[in-house]
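With mmCIF, C-alpha atoms and all ligand atoms inside, this is upload22.cif:
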data_run
#
loop_
_atom_site.label_atom_id
_atom_site.label_comp_id
_atom_site.auth_asym_id
_atom_site.auth_seq_id
_atom_site.Cartn_x
_atom_site.Cartn_y
_atom_site.Cartn_z
CA MET A 1 -22.63 23.60 -7.77
CA GLN A 2 -20.13 20.81 -7.16
CA THR A 3 -17.78 20.85 -4.21
CA LEU A 4 -14.43 19.06 -4.00
CA HIS A 5 -12.14 18.99 -0.98
CA VAL A 6 -8.41 19.40 -0.67
CA ALA A 7 -7.60 17.09 2.26
CA LEU A 8 -4.83 18.68 4.29
CA GLY A 9 -5.88 18.06 7.90
CA GLU A 10 -6.64 21.32 9.71
CA ARG A 11 -5.73 23.24 6.52
CA SER A 12 -8.31 21.38 4.38
CA TYR A 13 -10.58 23.49 2.22
CA PRO A 14 -13.41 23.25 -0.31
CA ILE A 15 -13.33 24.06 -4.02
CA HIS A 16 -16.80 25.17 -5.13
CA ILE A 17 -17.33 24.88 -8.90
CA GLY A 18 -20.37 25.98 -10.89
CA PRO A 19 -22.11 28.76 -12.80
CA GLY A 20 -23.38 31.92 -11.07
CA LEU A 21 -21.48 31.50 -7.78
CA LEU A 22 -20.13 35.06 -7.61
CA GLY A 23 -22.18 37.30 -5.37
CA GLN A 24 -23.55 34.54 -3.13
CA PRO A 25 -22.69 35.67 0.45
CA ASP A 26 -23.16 32.21 1.96
CA LEU A 27 -20.29 30.81 -0.07
CA LEU A 28 -17.70 33.23 1.31
CA SER A 29 -18.69 34.24 4.84
CA PRO A 30 -18.08 30.83 6.49
CA TYR A 31 -14.40 31.19 5.53
CA ILE A 32 -13.88 34.71 6.89
CA ARG A 33 -12.86 34.58 10.53
CA GLY A 34 -12.55 38.27 11.43
CA ARG A 35 -14.36 41.49 10.48
CA GLN A 36 -11.86 42.78 7.93
CA VAL A 37 -11.53 41.84 4.25
CA MET A 38 -9.02 43.12 1.69
CA LEU A 39 -10.37 42.41 -1.78
CA VAL A 40 -7.60 42.46 -4.39
CA THR A 41 -8.12 42.46 -8.13
CA ASN A 42 -6.74 44.16 -11.25
CA GLU A 43 -7.77 46.92 -13.65
CA THR A 44 -9.33 44.48 -16.14
CA VAL A 45 -11.33 42.34 -13.71
CA ALA A 46 -12.44 45.20 -11.42
CA PRO A 47 -14.99 46.76 -13.80
CA LEU A 48 -16.40 43.30 -14.57
CA TYR A 49 -16.76 41.66 -11.17
CA LEU A 50 -15.52 43.75 -8.23
CA ASN A 51 -18.88 45.27 -7.28
CA LYS A 52 -20.64 41.93 -7.43
CA VAL A 53 -18.19 40.34 -5.01
CA LYS A 54 -18.15 43.43 -2.79
CA ALA A 55 -21.94 43.40 -2.54
CA SER A 56 -21.84 39.87 -1.17
CA LEU A 57 -19.54 40.98 1.68
CA SER A 58 -21.76 43.62 3.27
CA ALA A 59 -21.33 42.03 6.70
CA PHE A 60 -17.61 42.95 6.72
CA GLN A 61 -15.28 45.97 6.57
CA VAL A 62 -14.20 45.63 2.92
CA ASP A 63 -11.21 47.52 1.52
CA THR A 64 -10.04 47.07 -2.04
CA VAL A 65 -6.82 47.19 -4.02
CA VAL A 66 -6.90 47.37 -7.83
CA LEU A 67 -3.51 46.40 -9.25
CA PRO A 68 -2.14 46.91 -12.76
CA ASP A 69 -2.85 43.96 -15.08
CA GLY A 70 -0.17 41.66 -16.45
CA GLU A 71 2.45 39.02 -15.79
CA VAL A 72 5.05 41.79 -15.94
CA TYR A 73 3.55 43.18 -12.70
CA LYS A 74 3.89 39.89 -10.82
CA THR A 75 6.66 41.38 -8.69
CA LEU A 76 7.58 42.20 -5.11
CA ASP A 77 6.95 45.89 -5.91
CA THR A 78 3.32 45.13 -6.79
CA VAL A 79 2.84 42.96 -3.70
CA ASN A 80 4.09 45.95 -1.72
CA LEU A 81 1.04 47.91 -2.94
CA ILE A 82 -1.14 45.33 -1.16
CA PHE A 83 0.91 45.72 2.04
CA ASP A 84 0.56 49.53 1.77
CA GLN A 85 -3.23 49.25 1.79
CA LEU A 86 -3.31 46.63 4.54
CA LEU A 87 -1.26 48.89 6.80
CA GLU A 88 -2.98 52.14 5.84
CA LYS A 89 -6.39 50.59 6.54
CA ARG A 90 -5.01 49.01 9.74
CA HIS A 91 -5.77 45.42 8.91
CA ASN A 92 -4.88 43.09 11.75
CA ARG A 93 -4.00 39.42 11.96
CA THR A 94 -7.61 38.30 11.64
CA THR A 95 -8.01 39.95 8.23
CA THR A 96 -8.86 37.87 5.15
CA LEU A 97 -7.40 38.69 1.75
CA ILE A 98 -9.50 37.77 -1.27
CA ALA A 99 -7.88 37.24 -4.68
CA LEU A 100 -10.29 38.06 -7.49
CA GLY A 101 -8.60 37.41 -10.83
CA GLY A 102 -6.37 35.06 -12.76
CA GLY A 103 -3.24 33.28 -11.65
CA VAL A 104 -1.19 36.46 -11.48
CA ILE A 105 -3.51 38.02 -8.90
CA GLY A 106 -3.95 34.71 -7.08
CA ASP A 107 -0.20 34.10 -6.76
CA MET A 108 0.50 37.65 -5.53
CA VAL A 109 -2.41 37.84 -3.09
CA GLY A 110 -1.51 34.40 -1.73
CA PHE A 111 2.06 35.58 -1.19
CA ALA A 112 0.88 38.78 0.50
CA ALA A 113 -1.34 36.66 2.77
CA ALA A 114 1.53 34.26 3.53
CA THR A 115 3.77 37.09 4.69
CA TYR A 116 1.56 39.92 6.05
CA GLN A 117 2.05 39.86 9.81
CA ARG A 118 3.64 36.40 9.26
CA GLY A 119 0.53 34.92 7.72
CA VAL A 120 -3.19 35.70 7.43
CA ASP A 121 -6.13 33.96 5.78
CA PHE A 122 -6.95 34.24 2.10
CA ILE A 123 -9.64 33.10 -0.33
CA GLN A 124 -9.21 32.41 -4.02
CA ILE A 125 -11.86 33.56 -6.52
CA PRO A 126 -10.18 32.50 -9.78
CA THR A 127 -11.57 34.17 -12.91
CA THR A 128 -9.51 32.52 -15.68
CA LEU A 129 -9.72 28.90 -16.76
CA LEU A 130 -6.05 28.46 -15.90
CA ALA A 131 -6.61 29.74 -12.39
CA GLN A 132 -9.75 27.63 -11.92
CA VAL A 133 -8.03 24.38 -12.92
CA ASP A 134 -4.62 24.98 -11.45
CA SER A 135 -3.19 28.06 -9.78
CA SER A 136 -5.96 28.70 -7.23
CA VAL A 137 -5.60 25.20 -5.78
CA GLY A 138 -2.63 23.89 -3.86
CA GLY A 139 -1.18 26.90 -2.06
CA LYS A 140 1.76 27.80 -4.27
CA THR A 141 2.11 31.57 -4.09
CA GLY A 142 4.76 33.98 -5.23
CA VAL A 143 6.25 36.41 -7.71
CA ASN A 144 8.71 36.40 -10.58
CA HIS A 145 12.34 37.55 -10.55
CA THR A 146 13.98 38.95 -13.68
CA LEU A 147 16.26 35.88 -13.64
CA GLY A 148 13.54 33.27 -13.16
CA LYS A 149 9.78 32.60 -13.02
CA ASN A 150 8.12 32.16 -9.62
CA MET A 151 11.47 32.17 -7.86
CA ILE A 152 10.27 34.06 -4.77
CA GLY A 153 7.32 32.56 -2.93
CA ALA A 154 5.74 30.55 -0.15
CA PHE A 155 3.36 27.66 0.33
CA HIS A 156 0.16 29.04 1.84
CA GLN A 157 -3.20 27.32 1.38
CA PRO A 158 -6.40 29.31 0.80
CA ARG A 159 -9.37 28.82 3.12
CA CYS A 160 -11.69 28.28 0.17
CA VAL A 161 -11.71 28.36 -3.65
CA LEU A 162 -14.76 29.68 -5.50
CA ALA A 163 -14.68 28.86 -9.23
CA ASP A 164 -17.64 30.52 -10.97
CA THR A 165 -17.69 29.19 -14.54
CA THR A 166 -19.93 32.04 -15.74
CA VAL A 167 -17.05 34.53 -15.49
CA LEU A 168 -15.18 32.59 -18.19
CA LYS A 169 -17.61 34.02 -20.78
CA THR A 170 -15.74 37.34 -20.69
CA LEU A 171 -12.31 35.75 -21.00
CA PRO A 172 -10.47 36.40 -24.30
CA THR A 173 -10.10 33.24 -26.43
CA ARG A 174 -6.32 33.36 -26.20
CA GLU A 175 -6.58 33.17 -22.38
CA LEU A 176 -9.13 30.33 -22.60
CA SER A 177 -6.68 28.40 -24.78
CA ALA A 178 -3.89 29.00 -22.28
CA GLY A 179 -6.11 27.46 -19.60
CA ILE A 180 -6.84 24.45 -21.80
CA ALA A 181 -3.09 23.75 -21.91
CA GLU A 182 -3.12 23.10 -18.14
CA VAL A 183 -6.25 20.95 -18.54
CA ILE A 184 -4.48 18.84 -21.17
CA LYS A 185 -1.59 18.51 -18.71
CA TYR A 186 -3.81 16.59 -16.26
CA GLY A 187 -4.80 14.11 -18.96
CA LEU A 188 -1.17 13.53 -19.86
CA ILE A 189 0.15 13.12 -16.32
CA CYS A 190 -2.53 11.02 -14.69
CA ASP A 191 -5.64 10.23 -16.72
CA GLN A 192 -5.52 8.65 -20.15
CA SER A 193 -9.33 8.56 -20.46
CA PHE A 194 -9.56 12.30 -19.70
CA PHE A 195 -6.91 12.87 -22.39
CA ALA A 196 -9.12 10.92 -24.81
CA TRP A 197 -12.18 12.95 -23.67
CA LEU A 198 -10.29 16.16 -24.45
CA GLN A 199 -9.70 15.05 -28.02
CA MET A 200 -13.50 14.93 -28.44
CA HIS A 201 -14.43 18.02 -26.40
CA THR A 202 -11.78 20.70 -26.78
CA LYS A 203 -14.03 22.53 -29.24
CA ASP A 204 -16.76 22.61 -26.55
CA LEU A 205 -14.31 24.12 -24.07
CA LEU A 206 -13.36 26.78 -26.61
CA ALA A 207 -17.05 27.50 -27.15
CA CYS A 208 -17.41 27.99 -23.37
CA ASP A 209 -19.95 25.19 -23.09
CA ASP A 210 -20.96 25.09 -19.39
CA THR A 211 -21.21 21.31 -19.16
CA ALA A 212 -17.85 20.71 -20.79
CA LEU A 213 -16.17 23.43 -18.70
CA GLY A 214 -17.73 22.14 -15.48
CA TYR A 215 -16.48 18.62 -16.21
CA ALA A 216 -12.98 19.70 -17.24
CA ILE A 217 -12.57 21.98 -14.19
CA LYS A 218 -13.85 19.31 -11.83
CA ARG A 219 -11.63 16.59 -13.33
CA SER A 220 -8.58 18.86 -13.24
CA CYS A 221 -9.16 20.05 -9.66
CA LEU A 222 -9.76 16.47 -8.52
CA ALA A 223 -6.39 15.45 -9.95
CA LYS A 224 -4.65 18.44 -8.43
CA ALA A 225 -6.33 18.01 -5.03
CA GLU A 226 -5.23 14.36 -4.86
CA VAL A 227 -1.61 15.16 -5.69
CA VAL A 228 -1.48 18.14 -3.28
CA ALA A 229 -3.03 16.08 -0.46
CA GLU A 230 -0.28 13.50 -0.95
CA ASP A 231 2.65 15.92 -1.24
CA GLU A 232 1.75 19.47 -0.22
CA ARG A 233 5.27 20.97 -0.35
CA GLU A 234 6.58 19.16 -3.41
CA GLY A 235 8.94 16.75 -1.73
CA GLY A 236 8.18 14.23 -4.49
CA ILE A 237 5.05 13.41 -6.50
CA ARG A 238 3.75 17.02 -6.72
CA ALA A 239 6.49 17.81 -9.22
CA ILE A 240 4.51 15.90 -11.88
CA LEU A 241 2.14 18.89 -11.95
CA ASN A 242 5.01 20.71 -13.63
CA LEU A 243 4.92 18.69 -16.86
CA GLY A 244 6.23 21.00 -19.58
CA HIS A 245 6.91 23.78 -17.07
CA THR A 246 10.72 23.62 -17.00
CA PHE A 247 10.78 24.22 -20.76
CA GLY A 248 7.84 26.63 -20.49
CA HIS A 249 9.35 28.79 -17.76
CA ALA A 250 12.48 29.12 -19.92
CA ILE A 251 10.32 30.43 -22.78
CA GLU A 252 8.42 32.87 -20.54
CA THR A 253 11.61 34.25 -19.01
CA HIS A 254 13.50 34.52 -22.30
CA GLU A 255 10.63 36.09 -24.23
CA GLY A 256 9.86 38.63 -21.49
CA TYR A 257 7.06 38.03 -18.98
CA GLY A 258 3.62 38.35 -20.57
CA ASN A 259 4.69 38.03 -24.21
CA TRP A 260 4.10 34.31 -24.20
CA LEU A 261 1.21 33.37 -21.90
CA HIS A 262 2.06 30.79 -19.24
CA GLY A 263 -0.29 28.22 -20.80
CA GLU A 264 1.16 28.79 -24.27
CA ALA A 265 4.68 28.19 -23.00
CA VAL A 266 3.52 25.08 -21.12
CA ALA A 267 1.92 23.77 -24.35
CA VAL A 268 5.26 23.86 -26.17
CA GLY A 269 6.96 22.51 -23.04
CA MET A 270 4.60 19.50 -22.98
CA LEU A 271 5.43 18.75 -26.62
CA MET A 272 9.10 18.81 -25.65
CA ALA A 273 8.48 16.46 -22.72
CA VAL A 274 6.61 14.05 -25.01
CA ASP A 275 9.31 14.30 -27.67
CA LEU A 276 12.02 13.48 -25.11
CA SER A 277 9.96 10.61 -23.67
CA ILE A 278 9.72 9.17 -27.20
CA ARG A 279 13.48 9.51 -27.68
CA LEU A 280 13.96 7.52 -24.46
CA GLY A 281 11.76 4.77 -25.86
CA TRP A 282 8.99 5.23 -23.28
CA LEU A 283 6.23 6.50 -25.57
CA ASP A 284 5.16 5.48 -29.05
CA ALA A 285 6.25 8.00 -31.70
CA SER A 286 2.62 8.54 -32.71
CA GLU A 287 1.88 10.29 -29.36
CA LEU A 288 3.74 13.41 -30.49
CA GLU A 289 1.36 13.89 -33.39
CA VAL A 290 -1.70 13.20 -31.20
CA LEU A 291 -0.62 15.90 -28.75
CA ARG A 292 0.33 18.32 -31.51
CA ARG A 293 -3.13 17.95 -33.08
CA LEU A 294 -4.85 18.47 -29.74
CA LEU A 295 -2.82 21.61 -29.00
CA GLU A 296 -3.57 22.95 -32.47
CA GLN A 297 -7.28 22.27 -31.92
CA ALA A 298 -7.01 24.30 -28.71
CA LYS A 299 -5.36 27.13 -30.69
CA LEU A 300 -2.09 26.75 -28.81
CA PRO A 301 1.45 27.13 -30.21
CA VAL A 302 3.33 23.97 -31.15
CA THR A 303 6.83 25.28 -31.86
CA SER A 304 9.24 27.15 -29.63
CA PRO A 305 9.94 30.87 -30.22
CA THR A 306 12.00 31.43 -33.36
CA ASP A 307 14.53 33.57 -31.50
CA MET A 308 15.25 30.89 -28.89
CA MET A 309 18.24 28.59 -29.30
CA PRO A 310 18.83 25.34 -27.37
CA GLU A 311 21.52 27.07 -25.31
CA ASP A 312 18.96 29.70 -24.23
CA PHE A 313 16.73 26.91 -22.92
CA LEU A 314 19.63 25.27 -21.10
CA LYS A 315 20.60 28.56 -19.41
CA TYR A 316 17.16 29.12 -17.90
CA MET A 317 16.52 25.45 -17.19
CA ALA A 318 19.67 25.36 -15.03
CA VAL A 319 17.91 27.53 -12.40
CA ASP A 320 14.70 25.48 -12.37
CA LYS A 321 13.37 24.60 -8.91
CA LYS A 322 13.66 20.90 -9.80
CA VAL A 323 17.45 21.13 -10.16
CA VAL A 324 19.02 19.16 -7.30
CA ASP A 325 22.77 19.31 -6.64
CA GLY A 326 23.38 20.65 -10.14
CA SER A 327 21.39 17.85 -11.78
CA LEU A 328 18.40 18.81 -13.91
CA ARG A 329 15.27 16.72 -13.36
CA LEU A 330 12.37 16.78 -15.78
CA VAL A 331 8.80 15.56 -15.71
CA LEU A 332 8.51 12.98 -18.50
CA LEU A 333 5.92 10.40 -19.47
CA GLU A 334 6.28 6.64 -19.14
CA ALA A 335 2.87 6.40 -20.81
CA VAL A 336 0.00 8.78 -21.51
CA GLY A 337 -1.52 9.15 -18.04
CA LYS A 338 1.68 8.22 -16.17
CA ALA A 339 4.27 10.90 -15.40
CA ILE A 340 7.59 10.53 -13.60
CA VAL A 341 10.25 12.96 -12.43
CA THR A 342 13.64 11.87 -13.66
CA SER A 343 17.18 12.90 -14.49
CA ASP A 344 17.55 9.69 -16.49
CA PHE A 345 18.09 11.27 -19.91
CA SER A 346 21.23 12.10 -21.83
CA HIS A 347 22.29 15.64 -22.66
CA ASP A 348 22.29 14.63 -26.35
CA ALA A 349 18.66 13.47 -26.20
CA LEU A 350 17.62 16.72 -24.49
CA LEU A 351 19.50 18.75 -27.07
CA ALA A 352 17.87 16.81 -29.91
CA THR A 353 14.43 17.59 -28.43
CA LEU A 354 15.23 21.29 -28.03
CA LYS A 355 16.36 21.42 -31.65
CA SER A 356 13.40 19.52 -33.06
CA ILE A 357 10.40 21.29 -31.42
P1 LIG B 401 -3.58 36.26 -15.71
O1 LIG B 401 -3.79 36.24 -14.27
O2 LIG B 401 -2.57 37.20 -16.26
O3 LIG B 401 -4.98 36.47 -16.44
C1 LIG B 401 -5.02 36.52 -17.83
C2 LIG B 401 -5.71 37.78 -18.36
O4 LIG B 401 -7.12 37.61 -18.26
C3 LIG B 401 -5.38 39.04 -17.60
O5 LIG B 401 -5.31 40.12 -18.50
C4 LIG B 401 -6.58 39.21 -16.68
O6 LIG B 401 -6.80 40.52 -16.27
C5 LIG B 401 -7.69 38.74 -17.57
N1 LIG B 401 -8.88 38.21 -16.91
C6 LIG B 401 -8.94 37.47 -15.81
N2 LIG B 401 -10.19 37.03 -15.61
C7 LIG B 401 -10.95 37.54 -16.60
C8 LIG B 401 -12.29 37.42 -16.94
N3 LIG B 401 -13.13 36.64 -16.26
N4 LIG B 401 -12.75 38.08 -18.04
C9 LIG B 401 -11.90 38.84 -18.78
N5 LIG B 401 -10.59 38.96 -18.53
C10 LIG B 401 -10.12 38.31 -17.44
O7 LIG B 401 -3.12 34.80 -16.25
P2 LIG B 401 -3.50 33.32 -15.81
O8 LIG B 401 -3.32 32.51 -17.02
O9 LIG B 401 -4.78 33.25 -15.09
O10 LIG B 401 -2.38 32.94 -14.75
C11 LIG B 401 -1.05 32.83 -15.13
C12 LIG B 401 -0.20 32.90 -13.88
O11 LIG B 401 -0.51 31.82 -13.02
C13 LIG B 401 1.29 32.82 -14.15
O12 LIG B 401 1.95 33.81 -13.42
C14 LIG B 401 1.68 31.45 -13.63
O13 LIG B 401 3.00 31.39 -13.17
C15 LIG B 401 0.69 31.27 -12.51
N6 LIG B 401 0.43 29.88 -12.15
C16 LIG B 401 0.50 29.56 -10.84
C17 LIG B 401 0.23 28.27 -10.43
C18 LIG B 401 0.22 27.94 -8.97
O14 LIG B 401 0.11 26.75 -8.63
N7 LIG B 401 0.28 28.90 -8.10
C19 LIG B 401 -0.12 27.29 -11.38
C20 LIG B 401 -0.18 27.66 -12.72
C21 LIG B 401 0.10 28.96 -13.09
N1 LIG B 402 1.17 24.19 -10.86
C1 LIG B 402 2.05 23.28 -10.19
C2 LIG B 402 1.73 23.06 -8.76
O1 LIG B 402 0.81 23.62 -8.22
O2 LIG B 402 2.42 22.31 -8.13
#

Let's see the structure in the file written out as structure tokens.
Amino acid sequence: MQTLHVALGERSYPIHIGPGLLGQPDLLSPYIRGRQVMLVTNETVAPLYLNKVKASLSAFQVDTVVLPDGEVYKTLDTVNLIFDQLLEKRHNRTTTLIALGGGVIGDMVGFAAATYQRGVDFIQIPTTLLAQVDSSVGGKTGVNHTLGKNMIGAFHQPRCVLADTTVLKTLPTRELSAGIAEVIKYGLICDQSFFAWLQMHTKDLLACDDTALGYAIKRSCLAKAEVVAEDEREGGIRAILNLGHTFGHAIETHEGYGNWLHGEAVAVGMLMAVDLSIRLGWLDASELEVLRRLLEQAKLPVTSPTDMMPEDFLKYMAVDKKVVDGSLRLVLLEAVGKAIVTSDFSHDALLATLKSI
């Protein structure tokens, strides 16, 4: 097991990464302050891993909520089901919520923890690659609105993140690929050598090779932990973690939540960001092909949905959280491994990118 730390003063927490971590009581109990635990998962993950986690919590009063599975259920109505159980089972302010699942469960449980009785503890047990490298770390929690992705939420840090790489063996390949998109993101925004490593090892990640997965998760979490420690509430630098996301969120919202996976939409969004960076003269034209090949290797899409016109993108992008005073800001690349947040692009260049990808 390897342990990284997210350094946030009194809200600091560990990220444990390794095979076979689920079911080890000693890894969870130090982060549970009271006697009560609400373990939240979904219908797909419950039959696979719920009992194992529950068995490791025998020292506590454990109640469970099994939610429906899918991005389409990442809503306030679904979060309300968690509140129903917390109140019915009389959970008090010292309760700890545990999110067992992918990013959808993690985001909703985190939001429930941020708001139940004005804030209680929670622990992340991410079970998808995407959640292990990104969504479980950093404290962004929330739900979707029909008019925009992740538009309702709160910052609320977990007390601990437990990333058991063994659980990735049951993940469908399409979901593994979606997670690889976020891994590629870290190479592009802050680590050129990791980006080069990915060109050699993406096939190992797809084959669920433990060593490759362990390295990629560790490298990704390290990058995320550093950025979050510097800018927890996204006043500045943290926005670079959203490379490709402004385009990607537009795809997810337009196509209907769940039809394009988050990572798939981000993959196309990253191509758009690279394309625009090339148009601005910041990147060499060859980088577009390098990224396209890598995404194809990872079995990710490389063109935007056929039913989506540039004006559709512009409509959704106008409500992005990075819009300030009506001005759209995007995460672009000054070089591979060096991202910036900028509004320094012309509408014509953006339009040309939207048309070409
Ligand atoms: P997901 O949570 O929908 O999980 C994908 C699918 O895999 C689901 O069907 C799930 O039930 C299933 N699953 C999960 N673990 C499994 C396992 N071990 N074996 C078999 N099946 C398993 O999707 P995701 O990609 O994990 O997360 C996407 C969500 O994360 C989006 O809503 C996105 O907005 C959010 N996100 C949040 C942040 C953040 O910082 N909070 C960052 C990135 C993404
Ligand atoms: N996934 C973007 C962030 O956590 O800031």

Separation of CA of Ile340 (chain A) from CA of Leu276 (chain A) in Å |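 Answer for the CA of Leu276 (chain A) to CA of Ile340 (chain A) separation: 12.7 Å.
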
Within 10 Å of Ala229 (chain A) using all atoms listed in the file, minus same-chain residues under 6 positions, as a list in words |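 Using all atoms listed in the file, the neighbours found are His5, Val6, Ala7, Leu8, Gly9, Ser12, Gly138 and Arg238 of chain A.
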
Give as a PyMOL selection string the residues surrounding ligand LIG 402 (chain B) up to a distance of 7 Å, considering all atoms listed in the file.
-> chain A and resi 134-135+138+140+238-239+241-242

Any chance you could export the current selection's C-alpha atoms as a PDB file, in the frame of the given file?
ATOM      1  CA  ASP A 134      -4.620  24.980 -11.450  1.00  0.00           C
ATOM      2  CA  SER A 135      -3.190  28.060  -9.780  1.00  0.00           C
ATOM      3  CA  GLY A 138      -2.630  23.890  -3.860  1.00  0.00           C
ATOM      4  CA  LYS A 140       1.760  27.800  -4.270  1.00  0.00           C
ATOM      5  CA  ARG A 238       3.750  17.020  -6.720  1.00  0.00           C
ATOM      6  CA  ALA A 239       6.490  17.810  -9.220  1.00  0.00           C
ATOM      7  CA  LEU A 241       2.140  18.890 -11.950  1.00  0.00           C
ATOM      8  CA  ASN A 242       5.010  20.710 -13.630  1.00  0.00           C
TER       9      ASN A 242
END

If you measure from CA of Ile82 (chain A) to CA of His245 (chain A), what distance in Å do you get, rounded to one decimal?
->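 Taking CA of Ile82 (chain A) as the start and CA of His245 (chain A) as the end point, the length is 28.0 Å.
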
What does the distance between CA of Gly148 (chain A) and CA of Asp325 (chain A) come to in Å, to one decimal place?
->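 Distance between the two atoms: 18.0 Å.
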
Within 6 Å of ligand LIG 401 (chain B), counting all atoms listed in the file, which protein or nucleic acid residues do you find, written as a ChimeraX atom specification?
-> /A:44-45,69-71,101-105,107,127-128,130-131,134-135,140-141,167-168,170-171,175,262

With a cut-off of 12 Å, could you pull out the residues of region 178-254 of chain A touching region 279-291 of chain A and give me the nearest pair of atoms for each, distance in Å to one decimal, using only C-alpha atoms, ordered by chain and ascending number, as a tab-separated table?
residue	atom	partner	partner_atom	distance
A:Ala181	CA	A:Leu291	CA	10.7
A:Ile184	CA	A:Leu291	CA	9.0
A:Lys185	CA	A:Leu291	CA	10.4
A:Gly187	CA	A:Leu291	CA	10.8
A:Leu188	CA	A:Leu291	CA	9.2
A:Gln192	CA	A:Glu287	CA	11.9
A:Phe195	CA	A:Leu291	CA	9.4
A:Ala196	CA	A:Val290	CA	10.1
A:Leu198	CA	A:Leu291	CA	10.6
A:Gln199	CA	A:Val290	CA	8.8

Cut-off 12 Å around (16.2, 26.9, -25.4) with all atoms listed in the file: residues as a PyMOL selection string | chain A and resi 246-255+265+268-269+272+303-318+350-357

Nearest to Ala216 (chain A), chosen from A:Ile17, A:Gly119, A:Val324, A:Met1, with only C-alpha atoms counted in the distances =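 Residue with the minimum atom-to-atom distance to Ala216 (chain A): A:Ile17.
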
Compute the distance from (-6.0, 29.5, -27.8) to each atom, counting only C-alpha atoms, keep the residues with any atom at most 10 Å away, and return them as a list in words; use the coordinates of the file.
-> Pro172, Thr173, Arg174, Glu175, Leu176, Ser177, Ala178, Gly179, Ile180, Ala181, Leu206, Gly263, Glu264, Leu295, Glu296, Gln297, Ala298, Lys299, Leu300 and Pro301 of chain A

Between A:Lys224, A:Arg93, A:Val323, A:Arg33, which one has atoms that come closest to Ala113 (chain A), using all atoms listed in the file?
-> A:Arg93

Because some atoms of region 231-235 of chain A are absent here, can you restore all heavy atoms and send them as a PDB file, in the coordinates of the input?
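Output file rebuild-v7.pdb is given in full below:
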ATOM      1  N   ASP A 231       1.304  15.320  -1.293  1.00  0.00           N
ATOM      2  CA  ASP A 231       2.650  15.920  -1.240  1.00  0.00           C
ATOM      3  C   ASP A 231       2.527  17.445  -1.323  1.00  0.00           C
ATOM      4  O   ASP A 231       2.851  18.055  -2.338  1.00  0.00           O
ATOM      5  CB  ASP A 231       3.470  15.369  -2.427  1.00  0.00           C
ATOM      6  CG  ASP A 231       4.847  16.004  -2.523  1.00  0.00           C
ATOM      7  OD1 ASP A 231       5.367  16.480  -1.504  1.00  0.00           O
ATOM      8  OD2 ASP A 231       5.418  16.005  -3.634  1.00  0.00           O
ATOM      9  N   GLU A 232       2.080  18.036  -0.215  1.00  0.00           N
ATOM     10  CA  GLU A 232       1.750  19.470  -0.220  1.00  0.00           C
ATOM     11  C   GLU A 232       2.933  20.347  -0.635  1.00  0.00           C
ATOM     12  O   GLU A 232       2.778  21.289  -1.402  1.00  0.00           O
ATOM     13  CB  GLU A 232       1.266  19.888   1.177  1.00  0.00           C
ATOM     14  CG  GLU A 232       0.848  21.334   1.247  1.00  0.00           C
ATOM     15  CD  GLU A 232       0.457  21.766   2.658  1.00  0.00           C
ATOM     16  OE1 GLU A 232       0.618  20.971   3.597  1.00  0.00           O
ATOM     17  OE2 GLU A 232      -0.001  22.910   2.789  1.00  0.00           O
ATOM     18  N   ARG A 233       4.141  20.050  -0.150  1.00  0.00           N
ATOM     19  CA  ARG A 233       5.270  20.970  -0.350  1.00  0.00           C
ATOM     20  C   ARG A 233       6.277  20.485  -1.379  1.00  0.00           C
ATOM     21  O   ARG A 233       7.431  20.878  -1.394  1.00  0.00           O
ATOM     22  CB  ARG A 233       5.946  21.268   0.986  1.00  0.00           C
ATOM     23  CG  ARG A 233       4.972  21.981   1.936  1.00  0.00           C
ATOM     24  CD  ARG A 233       5.573  22.166   3.298  1.00  0.00           C
ATOM     25  NE  ARG A 233       6.483  23.282   3.347  1.00  0.00           N
ATOM     26  CZ  ARG A 233       6.142  24.535   3.626  1.00  0.00           C
ATOM     27  NH1 ARG A 233       4.902  24.831   3.887  1.00  0.00           N
ATOM     28  NH2 ARG A 233       7.040  25.486   3.642  1.00  0.00           N
ATOM     29  N   GLU A 234       5.784  19.631  -2.272  1.00  0.00           N
ATOM     30  CA  GLU A 234       6.580  19.160  -3.410  1.00  0.00           C
ATOM     31  C   GLU A 234       7.897  18.498  -2.996  1.00  0.00           C
ATOM     32  O   GLU A 234       8.960  18.809  -3.534  1.00  0.00           O
ATOM     33  CB  GLU A 234       6.831  20.298  -4.410  1.00  0.00           C
ATOM     34  CG  GLU A 234       7.124  19.756  -5.809  1.00  0.00           C
ATOM     35  CD  GLU A 234       7.065  20.831  -6.884  1.00  0.00           C
ATOM     36  OE1 GLU A 234       6.029  21.492  -7.007  1.00  0.00           O
ATOM     37  OE2 GLU A 234       8.064  20.970  -7.607  1.00  0.00           O
ATOM     38  N   GLY A 235       7.770  17.552  -2.056  1.00  0.00           N
ATOM     39  CA  GLY A 235       8.940  16.750  -1.730  1.00  0.00           C
ATOM     40  C   GLY A 235       9.137  15.648  -2.765  1.00  0.00           C
ATOM     41  O   GLY A 235      10.213  15.080  -2.899  1.00  0.00           O
TER      42      GLY A 235
END
